[in-house]
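J.: Data: structure.tsv, TSV, C-alpha atoms.
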chain	number	residue	atom	x	y	z
A	1	MET	CA	113.05	97.10	156.46
A	2	ASN	CA	109.99	95.08	157.28
A	3	MET	CA	107.78	94.62	154.21
A	4	GLY	CA	104.67	95.19	156.36
A	5	ILE	CA	105.85	98.64	157.47
A	6	ILE	CA	106.62	99.68	153.89
A	7	THR	CA	103.18	98.57	152.76
A	8	SER	CA	101.61	100.47	155.66
A	9	PHE	CA	103.50	103.63	154.69
A	10	VAL	CA	102.41	103.33	151.06
A	11	VAL	CA	98.77	102.67	151.92
A	12	GLY	CA	98.77	105.29	154.67
A	13	GLY	CA	100.38	107.81	152.30
A	14	LEU	CA	97.75	107.16	149.65
A	15	MET	CA	94.99	107.61	152.22
A	16	LEU	CA	96.58	110.82	153.45
A	17	LEU	CA	96.83	112.15	149.90
A	18	SER	CA	93.22	111.34	149.14
A	19	ILE	CA	92.10	112.99	152.39
A	20	LEU	CA	94.08	116.10	151.48
A	21	ALA	CA	92.61	116.16	147.96
A	22	TYR	CA	89.16	115.67	149.41
A	23	ASN	CA	89.69	118.52	151.85
A	24	MET	CA	90.89	120.85	149.09
A	25	GLN	CA	87.94	119.95	146.89
A	26	LEU	CA	85.59	120.56	149.80
A	27	SER	CA	87.10	123.98	150.52
A	28	SER	CA	87.00	124.95	146.85
A	29	SER	CA	83.33	123.92	146.46
A	30	THR	CA	82.37	125.75	149.64
A	31	GLN	CA	84.16	128.86	148.39
A	32	GLU	CA	82.38	128.73	145.03
A	33	THR	CA	78.97	128.24	146.63
A	34	THR	CA	79.51	131.05	149.13
A	35	ILE	CA	80.82	133.50	146.52
A	36	SER	CA	77.96	132.76	144.12
A	37	ALA	CA	75.37	133.18	146.90
A	38	ILE	CA	76.90	136.50	147.99
A	39	ASN	CA	77.07	137.71	144.38
A	40	GLN	CA	73.46	136.80	143.66
A	41	GLN	CA	72.42	138.61	146.83
A	42	ARG	CA	74.35	141.71	145.74
A	43	LEU	CA	72.54	141.70	142.40
A	44	ASN	CA	69.24	141.22	144.17
A	45	ASP	CA	69.91	144.26	146.36
A	46	ILE	CA	70.49	146.44	143.28
A	47	VAL	CA	67.45	144.99	141.51
A	48	GLU	CA	65.19	145.79	144.45
A	49	VAL	CA	66.22	149.44	144.55
A	50	ILE	CA	66.14	149.91	140.76
A	51	SER	CA	62.72	148.28	140.52
A	52	PHE	CA	61.38	150.44	143.33
A	53	ASP	CA	62.71	153.58	141.62
A	54	LEU	CA	61.78	152.90	138.01
A	55	LYS	CA	58.22	151.93	138.84
A	56	ARG	CA	57.62	155.45	140.12
A	57	VAL	CA	59.10	157.52	137.31
A	58	GLY	CA	57.00	160.68	137.23
A	59	TYR	CA	55.21	159.83	140.45
A	60	ASN	CA	53.59	162.90	141.90
A	61	ASN	CA	51.62	162.82	145.12
A	62	THR	CA	50.22	166.33	144.76
A	63	THR	CA	48.94	166.48	141.20
A	64	SER	CA	47.99	163.77	138.76
A	65	PHE	CA	50.33	164.76	135.96
A	66	MET	CA	54.01	165.65	135.87
A	67	ASP	CA	55.39	167.33	132.76
A	68	ASP	CA	58.47	165.84	131.11
A	69	PRO	CA	59.26	163.44	133.96
A	70	ILE	CA	62.47	162.10	132.41
A	71	ILE	CA	65.26	164.67	132.54
A	72	THR	CA	68.12	162.56	131.19
A	73	ALA	CA	67.78	159.36	129.19
A	74	GLU	CA	71.17	158.01	128.19
A	75	PRO	CA	72.43	154.42	127.89
A	76	ASP	CA	74.45	154.85	131.08
A	77	GLU	CA	72.36	157.43	132.92
A	78	ILE	CA	68.75	158.14	133.74
A	79	GLU	CA	67.44	161.07	135.73
A	80	PHE	CA	63.74	161.39	136.41
A	81	LYS	CA	61.35	163.37	138.52
A	82	THR	CA	59.38	162.07	141.47
A	83	SER	CA	57.61	164.08	144.12
A	84	GLU	CA	60.39	163.15	146.55
A	85	GLY	CA	63.11	164.63	144.34
A	86	ASN	CA	64.93	163.89	141.14
A	87	ILE	CA	66.47	160.43	141.17
A	88	THR	CA	69.53	159.66	139.06
A	89	TRP	CA	71.15	156.34	138.23
A	90	TYR	CA	74.47	156.60	136.44
A	91	THR	CA	77.81	154.95	135.93
A	92	VAL	CA	81.31	156.25	135.49
A	93	GLU	CA	83.26	153.44	133.83
A	94	ASP	CA	86.63	154.88	134.83
A	95	ASP	CA	85.58	154.87	138.45
A	96	LYS	CA	86.91	151.37	139.16
A	97	VAL	CA	86.38	149.54	142.41
A	98	THR	CA	89.80	149.45	144.03
A	99	THR	CA	88.97	147.27	147.01
A	100	THR	CA	88.48	144.07	145.01
A	101	THR	CA	90.77	142.00	142.82
A	102	ASN	CA	88.23	141.96	139.97
A	103	PRO	CA	89.55	144.24	137.19
A	104	ASN	CA	86.12	144.63	135.55
A	105	ASP	CA	83.99	146.17	138.29
A	106	PHE	CA	83.08	149.83	138.48
A	107	TYR	CA	80.55	151.82	140.46
A	108	LEU	CA	76.89	152.30	139.65
A	109	TYR	CA	75.62	155.40	141.45
A	110	ARG	CA	72.19	156.30	142.72
A	111	ASP	CA	71.56	159.92	143.62
A	112	ASP	CA	68.25	160.41	145.43
A	113	GLY	CA	68.23	164.16	144.78
A	114	ASN	CA	68.40	164.97	148.48
A	115	GLY	CA	72.14	164.66	148.94
A	116	THR	CA	72.39	160.90	149.41
A	117	ILE	CA	74.53	159.07	146.88
A	118	THR	CA	74.70	155.30	147.04
A	119	LYS	CA	77.13	153.26	145.00
A	120	TYR	CA	77.04	149.63	143.93
A	121	PRO	CA	79.84	147.66	142.26
A	122	VAL	CA	78.74	146.31	138.88
A	123	THR	CA	80.50	145.09	135.73
A	124	HIS	CA	77.86	146.16	133.22
A	125	PHE	CA	74.94	148.57	133.29
A	126	LYS	CA	72.86	149.50	130.27
A	127	LEU	CA	69.61	151.39	129.76
A	128	MET	CA	67.44	151.30	126.65
A	129	TYR	CA	64.26	153.26	125.98
A	130	TYR	CA	61.34	152.08	123.85
A	131	ASP	CA	58.20	153.79	122.59
A	132	LYS	CA	54.74	152.22	122.54
A	133	ASP	CA	55.51	150.38	119.28
A	134	ASN	CA	58.64	148.89	120.83
A	135	ASN	CA	61.00	151.03	118.74
A	136	VAL	CA	64.24	152.15	120.34
A	137	VAL	CA	64.10	155.81	121.39
A	138	ASN	CA	67.44	157.60	121.12
A	139	ASP	CA	66.18	161.08	121.93
A	140	ILE	CA	63.57	161.14	124.67
A	141	SER	CA	62.64	164.76	123.91
A	142	THR	CA	61.09	163.65	120.60
A	143	LEU	CA	58.29	161.89	122.47
A	144	PHE	CA	55.30	164.02	123.36
A	145	GLN	CA	55.32	164.61	127.12
A	146	GLN	CA	57.58	161.54	127.36
A	147	ARG	CA	54.54	159.30	127.55
A	148	ASP	CA	54.28	155.64	126.65
A	149	VAL	CA	57.94	154.97	127.36
A	150	SER	CA	59.35	151.64	128.48
A	151	ILE	CA	62.73	151.51	130.13
A	152	GLU	CA	64.91	148.42	129.78
A	153	VAL	CA	67.57	147.92	132.41
A	154	GLU	CA	70.40	145.42	132.32
A	155	VAL	CA	72.73	144.91	135.24
A	156	MET	CA	75.63	142.49	135.42
A	157	VAL	CA	77.53	141.82	138.60
A	158	GLU	CA	80.70	139.82	139.11
A	159	SER	CA	82.12	138.67	142.39
A	160	GLY	CA	84.83	140.86	143.86
A	161	GLU	CA	87.09	137.90	144.51
A	162	PRO	CA	87.79	134.92	142.22
A	163	MET	CA	85.97	131.62	142.62
A	164	ASN	CA	89.10	129.82	141.51
A	165	SER	CA	92.52	130.70	140.19
A	166	ARG	CA	94.74	128.84	137.75
A	167	PHE	CA	98.37	129.37	136.92
A	168	VAL	CA	98.89	129.79	133.19
A	169	SER	CA	102.05	129.96	131.11
A	170	GLY	CA	104.34	132.88	131.86
A	171	GLY	CA	103.59	132.75	135.57
A	172	ASP	CA	100.30	134.62	135.20
A	173	VAL	CA	97.23	133.74	137.18
A	174	ASN	CA	93.91	133.23	135.43
A	175	ASN	CA	91.09	134.19	137.80
A	176	THR	CA	87.49	133.11	137.30
A	177	TYR	CA	84.83	135.36	138.81
A	178	HIS	CA	81.22	134.48	139.43
A	179	ARG	CA	78.96	136.42	137.08
A	180	THR	CA	75.23	136.98	137.25
A	181	VAL	CA	72.94	139.19	135.20
A	182	TRP	CA	69.42	140.57	135.25
A	183	LYS	CA	67.38	142.37	132.60
A	184	ARG	CA	63.92	143.84	132.80
A	185	THR	CA	61.72	146.27	130.93
A	186	PHE	CA	59.66	148.65	133.03
A	187	SER	CA	56.53	150.43	131.86
A	188	PRO	CA	56.02	152.89	134.73
A	189	ASN	CA	52.35	153.56	135.55
A	190	ASN	CA	52.73	157.32	135.67
A	191	ILE	CA	54.07	157.72	132.14
A	192	ASN	CA	52.06	155.00	130.47
A	193	LYS	CA	48.41	154.61	129.62
A	194	PRO	CA	46.23	152.30	127.55
A	195	TRP	CA	47.36	152.94	123.99
A	196	TYR	CA	45.29	150.51	122.00
B	197	MET	CA	95.19	85.88	160.81
B	198	ASN	CA	96.15	89.21	162.34
B	199	ASP	CA	97.54	90.48	158.95
B	200	PHE	CA	94.38	89.42	157.18
B	201	SER	CA	92.10	91.29	159.62
B	202	ASP	CA	94.22	94.43	159.11
B	203	VAL	CA	93.55	94.23	155.39
B	204	ILE	CA	89.81	93.89	156.04
B	205	PHE	CA	89.88	96.89	158.40
B	206	LEU	CA	91.68	98.91	155.75
B	207	MET	CA	89.21	97.91	153.05
B	208	VAL	CA	86.24	98.83	155.24
B	209	ALA	CA	87.86	102.18	156.08
B	210	MET	CA	88.42	102.89	152.39
B	211	VAL	CA	84.84	101.98	151.51
B	212	VAL	CA	83.51	104.25	154.28
B	213	PHE	CA	85.80	107.06	153.14
B	214	SER	CA	84.72	106.60	149.50
B	215	MET	CA	81.05	106.75	150.48
B	216	LEU	CA	81.72	109.91	152.45
B	217	THR	CA	83.45	111.62	149.52
B	218	ILE	CA	80.81	110.50	147.02
B	219	ASN	CA	77.99	111.77	149.23
B	220	THR	CA	79.72	115.10	149.83
B	221	SER	CA	80.36	115.55	146.11
B	222	ARG	CA	76.74	114.70	145.37
B	223	SER	CA	75.60	117.20	147.97
B	224	PHE	CA	77.76	119.95	146.43
B	225	MET	CA	76.56	118.99	142.96
B	226	ASN	CA	72.97	119.40	144.14
B	227	THR	CA	73.78	122.77	145.71
B	228	THR	CA	75.38	124.02	142.48
B	229	SER	CA	72.46	122.72	140.43
B	230	THR	CA	69.94	124.43	142.74
B	231	SER	CA	71.95	127.65	142.59
B	232	ILE	CA	71.99	127.63	138.76
B	233	GLN	CA	68.29	126.81	138.59
B	234	SER	CA	67.40	129.62	140.98
B	235	THR	CA	69.48	132.07	138.91
B	236	ILE	CA	67.62	131.08	135.73
B	237	GLU	CA	64.34	131.25	137.63
B	238	TYR	CA	65.23	134.77	138.75
B	239	ARG	CA	65.62	135.88	135.13
B	240	ALA	CA	62.52	133.95	134.02
B	241	ILE	CA	60.47	135.82	136.64
B	242	ALA	CA	61.77	139.13	135.23
B	243	LEU	CA	60.64	138.05	131.75
B	244	ALA	CA	57.20	137.03	133.05
B	245	GLN	CA	56.89	140.38	134.82
B	246	ASP	CA	57.73	142.14	131.53
B	247	GLU	CA	54.88	140.27	129.86
B	248	LEU	CA	52.44	141.20	132.63
B	249	ASP	CA	53.59	144.82	132.42
B	250	ASN	CA	52.61	144.87	128.74
B	251	ILE	CA	49.32	143.12	129.34
B	252	ARG	CA	48.28	145.70	131.93
B	253	TRP	CA	47.54	148.19	129.16
B	254	ALA	CA	45.70	145.87	126.80
B	255	PRO	CA	42.06	146.60	125.98
B	256	GLU	CA	39.46	143.94	126.67
B	257	ILE	CA	39.25	142.79	123.07
B	258	HIS	CA	42.86	141.62	123.25
B	259	LEU	CA	42.30	139.48	126.32
B	260	ASN	CA	39.03	137.96	125.20
B	261	PRO	CA	39.83	134.42	123.90
B	262	THR	CA	36.78	134.47	121.61
B	263	SER	CA	37.84	137.71	119.93
B	264	ASN	CA	39.65	137.70	116.60
B	265	GLN	CA	42.12	140.18	118.11
B	266	TYR	CA	43.08	137.85	120.95
B	267	LEU	CA	46.71	138.59	121.77
B	268	PHE	CA	47.81	135.07	122.59
B	269	ASP	CA	46.66	133.13	119.53
B	270	SER	CA	50.20	132.32	118.46
B	271	ASP	CA	51.41	131.15	121.88
B	272	PRO	CA	53.67	129.53	122.97
B	273	ILE	CA	56.35	131.85	121.64
B	274	THR	CA	60.10	131.48	121.92
B	275	THR	CA	61.93	134.50	123.28
B	276	THR	CA	65.67	134.98	123.20
B	277	VAL	CA	67.05	137.35	125.80
B	278	GLU	CA	70.52	138.72	125.18
B	279	TYR	CA	72.86	139.99	127.83
B	280	GLY	CA	76.26	141.64	128.01
B	281	SER	CA	77.89	144.78	126.64
B	282	SER	CA	77.80	143.37	123.09
B	283	ASP	CA	75.01	140.85	123.68
B	284	GLU	CA	77.55	138.07	123.96
B	285	PHE	CA	75.34	135.92	126.19
B	286	SER	CA	71.85	134.73	125.38
B	287	GLU	CA	69.14	132.58	126.89
B	288	GLU	CA	66.08	131.11	125.28
B	289	TYR	CA	62.70	130.92	126.99
B	290	GLU	CA	59.35	129.57	125.93
B	291	VAL	CA	56.54	131.92	126.91
B	292	THR	CA	52.95	130.75	127.11
B	293	ARG	CA	50.23	133.27	127.88
B	294	ASN	CA	46.50	132.85	128.13
B	295	SER	CA	43.52	134.63	129.59
B	296	VAL	CA	40.29	133.25	131.00
B	297	LEU	CA	37.11	135.16	131.70
B	298	ILE	CA	36.47	134.53	135.38
B	299	GLU	CA	33.69	137.02	136.09
B	300	ASN	CA	31.08	138.72	133.94
B	301	THR	CA	28.61	140.86	135.86
B	302	SER	CA	26.46	143.81	134.89
B	303	THR	CA	29.19	146.19	136.03
B	304	GLN	CA	32.47	144.50	135.18
B	305	LYS	CA	34.36	141.78	133.40
B	306	GLN	CA	37.34	140.08	134.96
B	307	TYR	CA	40.03	138.08	133.20
B	308	ARG	CA	42.71	135.97	134.77
B	309	VAL	CA	45.88	136.23	132.69
B	310	THR	CA	48.49	133.51	133.18
B	311	VAL	CA	52.05	133.84	131.99
B	312	GLN	CA	54.23	130.76	132.03
B	313	VAL	CA	57.93	131.00	131.24
B	314	THR	CA	59.97	127.84	130.69
B	315	SER	CA	63.71	127.42	130.24
B	316	ASP	CA	65.09	124.10	129.01
B	317	ALA	CA	68.65	125.07	129.87
B	318	THR	CA	68.64	122.73	132.85
B	319	ASP	CA	67.27	119.30	133.60
B	320	PRO	CA	64.57	119.41	134.94
B	321	PRO	CA	63.45	122.54	133.07
B	322	VAL	CA	62.89	125.73	135.03
B	323	GLN	CA	59.30	126.92	134.94
B	324	VAL	CA	57.70	129.97	136.49
B	325	GLN	CA	54.09	131.01	136.36
B	326	LEU	CA	52.64	134.41	137.22
B	327	GLU	CA	48.99	135.36	137.28
B	328	TYR	CA	47.29	138.69	136.94
B	329	ILE	CA	43.65	139.69	137.30
B	330	LYS	CA	42.53	142.37	134.87
B	331	THR	CA	39.20	144.09	135.44
B	332	TYR	CA	37.25	146.07	132.84
B	333	PHE	CA	34.35	148.17	134.05
B	334	LYS	CA	31.30	148.31	131.85
B	335	GLU	CA	30.01	151.73	130.93
Can the structure in the file be given as structure tokens, please?
T.:
Amino acid sequence: MNMGIITSFVVGGLMLLSILAYNMQLSSSTQETTISAINQQRLNDIVEVISFDLKRVGYNNTTSFMDDPIITAEPDEIEFKTSEGNITWYTVEDDKVTTTTNPNDFYLYRDDGNGTITKYPVTHFKLMYYDKDNNVVNDISTLFQQRDVSIEVEVMVESGEPMNSRFVSGGDVNNTYHRTVWKRTFSPNNINKPWY
Amino acid sequence: MNDFSDVIFLMVAMVVFSMLTINTSRSFMNTTSTSIQSTIEYRAIALAQDELDNIRWAPEIHLNPTSNQYLFDSDPITTTVEYGSSDEFSEEYEVTRNSVLIENTSTQKQYRVTVQVTSDATDPPVQVQLEYIKTYFKE
């Protein structure tokens, strides 16, 4: 066979391989960027609603004071009064999301007290309660009128689908999911006051 | 001569292709870097908001820089925020707070409180700054 044709095949083959590798890398990067953007947006959606809710714990548009505004204060559940109804945020860890491949996600529920329940897939949700001296409060009923309480919320969200997958020994697939987290401490106006 | 020009064509094509791949990779690198920075910025804003939430309830003596009870004498402070079900992730931020008296009339005093949160986790560092105006009415 002509030496020139062989050389052309070799060079052409190398070029083809590098174009294929380039294309795969491009697809993989695009996938990672898109998944991370979607995941961050999902977290942002939850953050917006939680922030809106927790800022108005004990909000009452008819009187200036609402007695015992926090009904339930647990690490995985909070129920509080507002003049528009009792709002509850809670998780049920066994209630896994079945429509994604991520084995870690479960539903975070928001009950607006008027029959509407919204659910968000999360992988971690934790609430902590602090008094005015920044001590952890385990039993909210010990605080007088539940005043001067800060509520710390932590939400972690992972993508429903993997960013990339790798085959590991034994034929298993190791999936990597995009993870993002947010943590904030709220001192709602209606249950706080100048304490110094 | 014809063989030699083919080689030159091939070399030019490979150089063009290499430049294309390098530029695309750089572009994706920048996108990833921006994405990570914006995520850190998102959390830094939450931390700055926490600080402002606390400051909202402070009495005037704590925001007055000339007072011996000024809250921000020891700033900047380093804050470690832990995340995860068993706090397996953590991030460190430097928080700098200060207040400036911007108005002092017969009826009120106004302070501008600035909270600056910096994370050195990336290069360049992520920095957010929030401001809050606190008014105290004179009796």
J.: List every residue of chain A that has an atom at most 10 Å from any atom of chain B, giving for each one its closest atom pair and the distance in Å to one decimal, counting all atoms listed in the file, sorted by chain and then by ascending residue number, as a Markdown table.
T.:
| residue | atom | partner | partner_atom | distance |
| --- | --- | --- | --- | --- |
| A:Gly4 | CA | B:Asp199 | CA | 8.9 |
| A:Val11 | CA | B:Leu206 | CA | 8.9 |
| A:Gly12 | CA | B:Leu206 | CA | 9.6 |
| A:Met15 | CA | B:Met210 | CA | 8.1 |
| A:Ser18 | CA | B:Phe213 | CA | 9.5 |
| A:Ile19 | CA | B:Phe213 | CA | 8.7 |
| A:Tyr22 | CA | B:Thr217 | CA | 7.0 |
| A:Asn23 | CA | B:Thr217 | CA | 9.6 |
| A:Gln25 | CA | B:Ser221 | CA | 8.8 |
| A:Leu26 | CA | B:Thr220 | CA | 8.0 |
| A:Ser29 | CA | B:Phe224 | CA | 6.8 |
| A:Thr30 | CA | B:Phe224 | CA | 8.1 |
| A:Glu32 | CA | B:Thr228 | CA | 8.8 |
| A:Thr33 | CA | B:Thr228 | CA | 6.9 |
| A:Ser36 | CA | B:Ser231 | CA | 8.0 |
| A:Ala37 | CA | B:Ser231 | CA | 7.8 |
| A:Gln40 | CA | B:Thr235 | CA | 7.8 |
| A:Asn44 | CA | B:Tyr238 | CA | 9.3 |
| A:Thr123 | CA | B:Gly280 | CA | 9.5 |
| A:His124 | CA | B:Ser281 | CA | 6.7 |
| A:Phe125 | CA | B:Ser281 | CA | 8.2 |
| A:Lys126 | CA | B:Ser281 | CA | 7.8 |
| A:Lys132 | CA | B:Asn250 | CA | 9.8 |
| A:Ser150 | CA | B:Asn250 | CA | 9.6 |
| A:Glu152 | CA | B:Asp246 | CA | 9.7 |
| A:Glu154 | CA | B:Tyr279 | CA | 7.5 |
| A:Val155 | CA | B:Gly280 | CA | 8.7 |
| A:Met156 | CA | B:Gly280 | CA | 7.5 |
| A:Thr180 | CA | B:Thr235 | CA | 7.7 |
| A:Val181 | CA | B:Tyr279 | CA | 7.4 |
| A:Trp182 | CA | B:Arg239 | CA | 6.0 |
| A:Lys183 | CA | B:Ala242 | CA | 7.0 |
| A:Arg184 | CA | B:Ala242 | CA | 5.7 |
| A:Thr185 | CA | B:Asp246 | CA | 5.8 |
| A:Phe186 | CA | B:Asp246 | CA | 7.0 |
| A:Ser187 | CA | B:Asp249 | CA | 6.4 |
| A:Pro188 | CA | B:Asp249 | CA | 8.7 |
| A:Asn189 | CA | B:Asp249 | CA | 9.4 |
| A:Asn192 | CA | B:Trp253 | CA | 8.3 |
| A:Lys193 | CA | B:Trp253 | CA | 6.5 |
| A:Pro194 | CA | B:Trp253 | CA | 4.6 |
| A:Trp195 | CA | B:Trp253 | CA | 7.0 |
| A:Tyr196 | CA | B:Pro255 | CA | 6.4 |
J.: Counting only C-alpha atoms, which of A:Asn174, A:Asn104, A:Asn138, A:Asn164 gets nearest to A:Ser27?
T.: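 Of A:Asn174, A:Asn104, A:Asn138, A:Asn164, the one nearest A:Ser27, counting only C-alpha atoms, is A:Asn164.
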J.: To one decimal place, how far is atom CA of B:Glu287 from atom CA of A:Met163 in Å?
T.: 23.1 Å
J.: Find the distance between atom CA of B:Ser223 and atom CA of A:Asp45 and write it in Å to one decimal.
T.: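 Interatomic distance, atom CA of B:Ser223 to atom CA of A:Asp45: 27.7 Å.
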J.: Go ahead and compute the interatomic distance for atom CA of A:Glu93 and atom CA of A:Glu161, in Å to one decimal.
T.: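 Distance reported for this atom pair: 19.2 Å.
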J.: Excluding A:Arg56 and residues on its chain fewer than 3 positions from it, collect all residues at most 9 Å away from it, counting all atoms listed in the file, and give them as a list of chain:residue names.
T.: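 Final neighbour list, sorted by chain and number: A:Ser51, A:Phe52, A:Asp53, A:Tyr59, A:Asn60, A:Lys81, A:Thr82, A:Pro188, A:Asn189, A:Asn190.
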J.: So, with only C-alpha atoms as the atoms that count, which of A:Pro75, A:Gly160, A:Gly115, A:Phe80 lies closest to A:Lys96?
T.: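 Of A:Pro75, A:Gly160, A:Gly115, A:Phe80, the one nearest A:Lys96 is A:Gly160, counting only C-alpha atoms.
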J.: Considering all atoms listed in the file, can you say which of B:Ile329, B:Met215, B:Val208, B:Val203 comes closest to B:Thr310?
T.: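 That would be B:Ile329, the residue with the smallest distance to B:Thr310.
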J.: Name the residues in contact with B:Pro320 at a cut-off of 12 Å, using only C-alpha atoms, excluding same-chain residues fewer than 5 positions from it; report them as an mmCIF file with C-alpha atoms, in the frame of the given file.
T.:
data_model
loop_
_atom_site.group_PDB
_atom_site.id
_atom_site.type_symbol
_atom_site.label_atom_id
_atom_site.label_comp_id
_atom_site.auth_asym_id
_atom_site.auth_seq_id
_atom_site.Cartn_x
_atom_site.Cartn_y
_atom_site.Cartn_z
ATOM 1 C CA SER B 229 72.460 122.720 140.430
ATOM 2 C CA THR B 230 69.940 124.430 142.740
ATOM 3 C CA ILE B 232 71.990 127.630 138.760
ATOM 4 C CA GLN B 233 68.290 126.810 138.590
ATOM 5 C CA THR B 314 59.970 127.840 130.690
ATOM 6 C CA SER B 315 63.710 127.420 130.240
#
J.: Since the input has fewer atoms than a full residue there, write stretch 16-36 of chain A out with N, CA and C atoms, as a short mmCIF file (atom, residue, chain, number, x, y, z; two decimals), keeping the file's coordinate frame.
T.:
data_model
loop_
_atom_site.label_atom_id
_atom_site.label_comp_id
_atom_site.auth_asym_id
_atom_site.auth_seq_id
_atom_site.Cartn_x
_atom_site.Cartn_y
_atom_site.Cartn_z
N LEU A 16 96.34 109.42 153.05
CA LEU A 16 96.58 110.82 153.45
C LEU A 16 96.41 111.77 152.26
N LEU A 17 96.96 111.33 151.11
CA LEU A 17 96.83 112.15 149.90
C LEU A 17 95.38 112.33 149.49
N SER A 18 94.63 111.23 149.55
CA SER A 18 93.22 111.34 149.14
C SER A 18 92.44 112.19 150.12
N ILE A 19 92.78 112.13 151.42
CA ILE A 19 92.10 112.99 152.39
C ILE A 19 92.43 114.46 152.12
N LEU A 20 93.68 114.72 151.79
CA LEU A 20 94.08 116.10 151.48
C LEU A 20 93.35 116.62 150.23
N ALA A 21 93.30 115.77 149.19
CA ALA A 21 92.61 116.16 147.96
C ALA A 21 91.14 116.41 148.23
N TYR A 22 90.57 115.54 149.04
CA TYR A 22 89.16 115.67 149.41
C TYR A 22 88.91 116.99 150.15
N ASN A 23 89.81 117.29 151.07
CA ASN A 23 89.69 118.52 151.85
C ASN A 23 89.80 119.76 150.96
N MET A 24 90.73 119.71 150.00
CA MET A 24 90.89 120.85 149.09
C MET A 24 89.66 121.03 148.21
N GLN A 25 89.14 119.90 147.73
CA GLN A 25 87.94 119.95 146.89
C GLN A 25 86.76 120.52 147.67
N LEU A 26 86.67 120.10 148.92
CA LEU A 26 85.59 120.56 149.80
C LEU A 26 85.69 122.07 150.02
N SER A 27 86.90 122.54 150.30
CA SER A 27 87.10 123.98 150.52
C SER A 27 86.77 124.78 149.26
N SER A 28 87.23 124.26 148.11
CA SER A 28 87.00 124.95 146.85
C SER A 28 85.50 125.03 146.53
N SER A 29 84.78 123.92 146.73
CA SER A 29 83.33 123.92 146.46
C SER A 29 82.60 124.87 147.39
N THR A 30 83.00 124.86 148.67
CA THR A 30 82.37 125.75 149.64
C THR A 30 82.59 127.20 149.24
N GLN A 31 83.82 127.50 148.81
CA GLN A 31 84.16 128.86 148.39
C GLN A 31 83.30 129.30 147.20
N GLU A 32 83.18 128.41 146.22
CA GLU A 32 82.38 128.73 145.03
C GLU A 32 80.92 128.97 145.40
N THR A 33 80.38 128.10 146.24
CA THR A 33 78.97 128.24 146.63
C THR A 33 78.75 129.55 147.39
N THR A 34 79.67 129.83 148.32
CA THR A 34 79.51 131.05 149.13
C THR A 34 79.63 132.29 148.26
N ILE A 35 80.62 132.32 147.38
CA ILE A 35 80.82 133.50 146.52
C ILE A 35 79.62 133.70 145.60
N SER A 36 79.10 132.60 145.02
CA SER A 36 77.96 132.76 144.12
C SER A 36 76.72 133.23 144.87
#
